[in-house]
Amino acid sequence: MVSAVVALAAGGVRWWYDAQLANVQYQLKLTDRLRDEGVAIAWSYTGPRAFKAWRWLPRPLFWTPRYVYAEQAADDVLDKNAAAFAELQMQTMVILARQLAPHVQADAQGRRDPLIDVLRRHPTLKRLVVDASIRGTPAEFDAPIYTREDLALLERVLPNLKIEWIEVN
């Protein structure tokens, strides 16, 4: 009877381990694809803190992609990879205002935008850092800079996120 309980417990632990590892492998595949598109991703340790258990297990098991930096990516990368962003277990996303503004304006005008839908319904995303400084403005010479009105529109479109707005001096 004891050996049956031990075998059942060991099977349960193995099933849990395989499920966790499968999720990590899927997240690695997503991050590799996004990295090829110019998106940088930082991983954080999310496993047990007691006894420094992370030293005993393979490194990727308790690591999760938490911070996504999309400001170096081309502007159309967000459109092409909206589905990948939806499945990434990120908590914070850093993005340029020029990458996000067309999506926000489309959604505010009543047109359905896949990127805004992903950001609005994302289960783990909590913070959106939007760079509206000179670096985040459109590349055209006479393009207007982004203002607090753009921030207000963004907050109205994405009320579920904490938005950190970096603006021009």
# chains A, B, ... in the order shown; residues from 1 in each chain; ligands from 1
call {"tool": "residues_around", "arguments": {"residues": "A:Pro123", "least_positions_apart": "6", "cutoff": "9 Å", "atoms": "only C-alpha atoms", "output": "list in words"}}
result
Ala86, Glu87, Gln89 and Met90 of chain A
call {"tool": "write_last_selection", "arguments": {"atoms": "N, CA and C atoms", "output": "tab-separated table (two decimals), in the first residue's frame"}}
result
chain	number	residue	atom	x	y	z
A	86	ALA	N	-0.14	37.65	-27.17
A	86	ALA	CA	-1.27	37.21	-26.35
A	86	ALA	C	-0.90	36.01	-25.48
A	87	GLU	N	-0.03	35.16	-25.95
A	87	GLU	CA	0.31	33.93	-25.22
A	87	GLU	C	1.57	34.06	-24.37
A	89	GLN	N	3.73	35.24	-21.29
A	89	GLN	CA	3.37	35.51	-19.90
A	89	GLN	C	4.09	36.75	-19.37
A	90	MET	N	3.90	37.87	-20.04
A	90	MET	CA	4.60	39.10	-19.67
A	90	MET	C	3.80	39.89	-18.65
call {"tool": "select_by_dssp", "arguments": {"residues": "stretch 6-162 of chain A", "states": "alpha helix (DSSP H)", "output": "MDAnalysis selection string"}}
result
chainID A and resid 6:36 77:80 82:87 97:108 114:121 148:157
call {"tool": "select_by_dssp", "arguments": {"residues": "stretch 21-157 of chain A", "states": "strand (DSSP E or B)", "output": "PyMOL selection string"}}
result
chain A and resi 40-45+63-69+92-96+127-132
call {"tool": "closest_residue", "arguments": {"among": "A:Leu96, A:Leu119, A:Ile166, A:Leu34", "to": "A:Ala84", "atoms": "only C-alpha atoms"}}
result
A:Leu34
call {"tool": "atom_distance", "arguments": {"atom1": "atom CA of A:Tyr45", "atom2": "atom CA of A:Phe62"}}
result
5.8 Å
call {"tool": "closest_residue", "arguments": {"among": "A:Gln99, A:Ile116, A:Thr124, A:Ala42", "to": "A:Ala139", "atoms": "only C-alpha atoms"}}
result
A:Gln99
call {"tool": "residues_around", "arguments": {"residues": "A:Val77", "least_positions_apart": "5", "cutoff": "12 Å", "atoms": "only C-alpha atoms", "output": "list in words"}}
result
Arg33, Leu34, Arg35, Asp36, Glu37, Gly38, Val39, Ala70, Glu71, Gln72, Ala82, Ala83, Ala84, Phe85, Ile95, Gln99, Leu100 and Leu115 of chain A
call {"tool": "write_last_selection", "arguments": {"atoms": "N, CA and C atoms", "output": "mmCIF file, in the first residue's frame"}}
result
data_model
loop_
_atom_site.group_PDB
_atom_site.id
_atom_site.type_symbol
_atom_site.label_atom_id
_atom_site.label_comp_id
_atom_site.auth_asym_id
_atom_site.auth_seq_id
_atom_site.Cartn_x
_atom_site.Cartn_y
_atom_site.Cartn_z
ATOM 1 N N ARG A 33 11.096 33.407 -31.492
ATOM 2 C CA ARG A 33 10.498 33.979 -32.697
ATOM 3 C C ARG A 33 10.436 35.507 -32.604
ATOM 4 N N LEU A 34 10.058 36.028 -31.437
ATOM 5 C CA LEU A 34 9.966 37.470 -31.260
ATOM 6 C C LEU A 34 11.349 38.118 -31.252
ATOM 7 N N ARG A 35 12.342 37.436 -30.699
ATOM 8 C CA ARG A 35 13.706 37.972 -30.681
ATOM 9 C C ARG A 35 14.219 38.144 -32.106
ATOM 10 N N ASP A 36 13.863 37.222 -32.995
ATOM 11 C CA ASP A 36 14.264 37.348 -34.398
ATOM 12 C C ASP A 36 13.637 38.572 -35.060
ATOM 13 N N GLU A 37 12.525 39.045 -34.512
ATOM 14 C CA GLU A 37 11.836 40.227 -35.051
ATOM 15 C C GLU A 37 12.320 41.526 -34.405
ATOM 16 N N GLY A 38 13.245 41.456 -33.446
ATOM 17 C CA GLY A 38 13.779 42.655 -32.815
ATOM 18 C C GLY A 38 13.189 42.973 -31.458
ATOM 19 N N VAL A 39 12.420 42.068 -30.893
ATOM 20 C CA VAL A 39 11.812 42.271 -29.583
ATOM 21 C C VAL A 39 12.729 41.642 -28.528
ATOM 22 N N ALA A 70 9.676 46.193 -26.871
ATOM 23 C CA ALA A 70 9.378 46.180 -28.301
ATOM 24 C C ALA A 70 9.818 47.444 -29.004
ATOM 25 N N GLU A 71 10.516 48.343 -28.315
ATOM 26 C CA GLU A 71 10.833 49.635 -28.932
ATOM 27 C C GLU A 71 11.903 49.545 -30.006
ATOM 28 N N GLN A 72 12.666 48.482 -30.077
ATOM 29 C CA GLN A 72 13.670 48.330 -31.128
ATOM 30 C C GLN A 72 13.117 47.607 -32.355
ATOM 31 N N ALA A 82 0.724 39.753 -32.937
ATOM 32 C CA ALA A 82 -0.257 39.988 -31.870
ATOM 33 C C ALA A 82 -0.630 38.685 -31.168
ATOM 34 N N ALA A 83 -0.760 37.607 -31.909
ATOM 35 C CA ALA A 83 -1.116 36.318 -31.300
ATOM 36 C C ALA A 83 -0.007 35.816 -30.377
ATOM 37 N N ALA A 84 1.242 36.031 -30.762
ATOM 38 C CA ALA A 84 2.359 35.612 -29.903
ATOM 39 C C ALA A 84 2.398 36.434 -28.623
ATOM 40 N N PHE A 85 2.124 37.731 -28.719
ATOM 41 C CA PHE A 85 2.087 38.565 -27.523
ATOM 42 C C PHE A 85 0.953 38.136 -26.593
ATOM 43 N N ILE A 95 7.043 50.062 -25.135
ATOM 44 C CA ILE A 95 6.707 50.259 -26.537
ATOM 45 C C ILE A 95 6.840 51.735 -26.881
ATOM 46 N N GLN A 99 4.413 53.246 -32.392
ATOM 47 C CA GLN A 99 4.010 51.879 -32.676
ATOM 48 C C GLN A 99 2.588 51.613 -32.200
ATOM 49 N N LEU A 100 2.162 52.316 -31.162
ATOM 50 C CA LEU A 100 0.871 52.046 -30.541
ATOM 51 C C LEU A 100 -0.226 53.007 -30.990
ATOM 52 N N LEU A 115 -4.180 44.177 -31.920
ATOM 53 C CA LEU A 115 -3.193 44.458 -30.878
ATOM 54 C C LEU A 115 -3.866 45.028 -29.627
#
call {"tool": "closest_residue", "arguments": {"among": "A:Val5, A:Ala40, A:Tyr146, A:Trp63", "to": "A:Leu21", "atoms": "only C-alpha atoms"}}
result
A:Trp63
call {"tool": "atom_distance", "arguments": {"atom1": "atom CA of A:Gln105", "atom2": "atom CA of A:Ile41"}}
result
26.7 Å
call {"tool": "closest_residue", "arguments": {"among": "A:Val130, A:Ala143, A:Ala74, A:Leu153", "to": "A:Val94", "atoms": "only C-alpha atoms"}}
result
A:Val130
call {"tool": "closest_residue", "arguments": {"among": "A:Val157, A:Pro102, A:Asp107, A:Glu164", "to": "A:Thr137", "atoms": "only C-alpha atoms"}}
result
A:Pro102
call {"tool": "atom_distance", "arguments": {"atom1": "atom CA of A:Arg120", "atom2": "atom CA of A:Thr46"}}
result
24.0 Å
call {"tool": "closest_residue", "arguments": {"among": "A:Asp32, A:Val104, A:Arg14, A:Asp76", "to": "A:Glu155", "atoms": "only C-alpha atoms"}}
result
A:Val104
